[in-house]
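Working notes, beginning with the structure itself.
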Amino acid sequence: MTHIAIVGSGLIGRAWATVFASHGCSVALHDVAPGAAEAARAHIGTNLEELAGHGLVEDPKGSLARIRVARDLADVLTGADLVQENGPETVAAKQQLFAEMDALCPPSTILASSTSFIMASVFSETLAGRARCLVAHPVNPPHLVPIVELAPAPWTDPAVVERAKAIYEQAGQVPIELRKEKPGFVLNRLQAVLLAEAFRIVGEGVASAEDVDKTIRDGLGLRWSFMGPFETIELNAPGGIPDYCARYSASLDRMVKSSEGLGNPFDTATVETVMSEWRGAQSPERVKRLSDWRDTRLAALQAHKRASQSKPD
């Protein structure tokens, strides 16, 4: 049985514990906040039952039984094959936490961070065990969106990356590997471009924020839930990707160049324009309600995708 240590039991830590425990791993859970890990374990039990209702978890009670609350950092790291760190998103916090974990863990333990933007080289450079450190960036919520970006530092041992990849695959995740470090990794860089253009379109008065969302939700997003951008354009021209580029690259290039030099699309005026026509109060209660709705829809989509995974070459 693979042993996983979850350091930090907030939203992402809980989801990681759900992922690993539901795929047969033993999980130890730790949080510096008193009572947080215990509360997280109870929340995970609810997650597991909901996933079982969608046919995504076979044994929710057995999965929960594989999760224990650790006494402290040393205890949660005991016997861990992989540590999934979910601490504060600051360089100083990552450096301190990884230094502590590096000192406490045997050399064989993989140390992975869930950070969304901080590169592994920033917090691992001075560590004796820096060769076993990397970023394993998930997408929120990880128990329903399986992509995980493996972003090693220049000195990370390739064998460590391969071992980590095998563990995430065992846990039903879809790991990708960055061949070199890049700020924001892959997903956030792609998302940033789309977000910037969405804000520009609204800020310039081209379309409403709601209609931009509809364009993704009821347009691009339907294809993107099954195909990536390269697969998509392969089917949009008779001769595949080269034919698509020959037909449309000049027009696409003009559009991209026309967007350059326009300044920050997320400026205050544009944000105010978006919010002036956006529905719903921006309250924690509404966010929680919509998050629960999103997770239910994602679970149903994930169940559908598992049932229809095979596609022709």
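For the structure tokens, the naming scheme is as follows: chains receive sequential letters (A, B, ...) according to their order of presentation, residues are indexed from 1 within each chain, and ligands are indexed from 1 in presentation order.
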Handout entry: DSSP-assigned alpha helix (DSSP H) among region 7-159 of chain A, expressed as a ChimeraX atom specification
Key = /A:11-21,36-53,60-65,73-77,91-104,120-124,158-159
Exercise for the section: Would you kindly return, as a ChimeraX atom specification, each protein, DNA or RNA residue with an atom no farther than 7 Å from any atom of region 75-88 of chain A, considering only C-alpha atoms and excluding same-chain residues fewer than 6 positions away? Expected result: /A:2-8,12-13,28-30,105,109-114
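The closest residue to Ala209 (chain A), picked from A:Asn140, A:Ser283, A:Thr273, A:Asn47 and counting only C-alpha atoms, is A:Thr273.
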Problem - Counting only C-alpha atoms, the residue of A:Glu149, A:Pro183, A:Ile44, A:Leu144 that sits nearest Ile118 (chain A) - result: A:Pro183
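Nearest to Val19 (chain A) of all the residues A:Ser108, A:Pro142, A:Lys61, A:Pro34 is A:Pro142, counting only C-alpha atoms.
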Practice task
Write out as a PyMOL selection string the residues lying within 12 Å of Asp295 (chain A), counting only C-alpha atoms and excluding same-chain residues fewer than 2 positions away.
Solution key: chain A and resi 15+47+50-51+54+140-145+288-293+297-302
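If only C-alpha atoms are the atoms counted, then among A:Ala153, A:Ile147, A:Leu97, A:Met1 the closest residue to Val186 (chain A) is A:Ile147.
Taking only C-alpha atoms into account, Leu127 (chain A) lies nearest to A:Ala99 out of the set A:Ala151, A:Ile233, A:Ala99, A:Ala207.
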Residue neighbourhood Ala120 (chain A), 7 Å, only C-alpha atoms, exclusion window fewer than 6 positions, as a PDB file with all heavy atoms, in the first residue's frame:
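Output contents, as saved in result-v3.pdb:
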```
ATOM      1  N   CYS A 133      12.445  16.912  -4.679  1.00  0.00           N
ATOM      2  CA  CYS A 133      11.407  17.937  -4.567  1.00  0.00           C
ATOM      3  C   CYS A 133      10.864  18.323  -5.946  1.00  0.00           C
ATOM      4  O   CYS A 133      11.620  18.421  -6.918  1.00  0.00           O
ATOM      5  CB  CYS A 133      11.968  19.184  -3.886  1.00  0.00           C
ATOM      6  SG  CYS A 133      12.550  18.919  -2.197  1.00  0.00           S
ATOM      7  N   LEU A 134       9.580  18.564  -6.005  1.00  0.00           N
ATOM      8  CA  LEU A 134       8.938  19.020  -7.241  1.00  0.00           C
ATOM      9  C   LEU A 134       7.600  19.653  -6.920  1.00  0.00           C
ATOM     10  O   LEU A 134       7.107  19.546  -5.794  1.00  0.00           O
ATOM     11  CB  LEU A 134       8.739  17.868  -8.230  1.00  0.00           C
ATOM     12  CG  LEU A 134       7.620  16.860  -7.953  1.00  0.00           C
ATOM     13  CD1 LEU A 134       7.256  16.132  -9.233  1.00  0.00           C
ATOM     14  CD2 LEU A 134       8.004  15.863  -6.881  1.00  0.00           C
ATOM     15  N   VAL A 135       7.026  20.296  -7.902  1.00  0.00           N
ATOM     16  CA  VAL A 135       5.652  20.795  -7.808  1.00  0.00           C
ATOM     17  C   VAL A 135       4.726  19.755  -8.404  1.00  0.00           C
ATOM     18  O   VAL A 135       5.025  19.155  -9.441  1.00  0.00           O
ATOM     19  CB  VAL A 135       5.504  22.134  -8.557  1.00  0.00           C
ATOM     20  CG1 VAL A 135       4.029  22.500  -8.743  1.00  0.00           C
ATOM     21  CG2 VAL A 135       6.231  23.249  -7.820  1.00  0.00           C
ATOM     22  N   PRO A 152       9.219  19.730 -12.155  1.00  0.00           N
ATOM     23  CA  PRO A 152      10.449  19.545 -11.392  1.00  0.00           C
ATOM     24  C   PRO A 152      11.354  20.764 -11.481  1.00  0.00           C
ATOM     25  O   PRO A 152      11.265  21.567 -12.426  1.00  0.00           O
ATOM     26  CB  PRO A 152      11.092  18.337 -12.077  1.00  0.00           C
ATOM     27  CG  PRO A 152      10.583  18.381 -13.481  1.00  0.00           C
ATOM     28  CD  PRO A 152       9.189  18.944 -13.399  1.00  0.00           C
ATOM     29  N   ALA A 153      12.237  20.901 -10.481  1.00  0.00           N
ATOM     30  CA  ALA A 153      13.311  21.886 -10.554  1.00  0.00           C
ATOM     31  C   ALA A 153      14.402  21.344 -11.478  1.00  0.00           C
ATOM     32  O   ALA A 153      14.398  20.152 -11.813  1.00  0.00           O
ATOM     33  CB  ALA A 153      13.872  22.142  -9.159  1.00  0.00           C
TER      34      ALA A 153
END
```
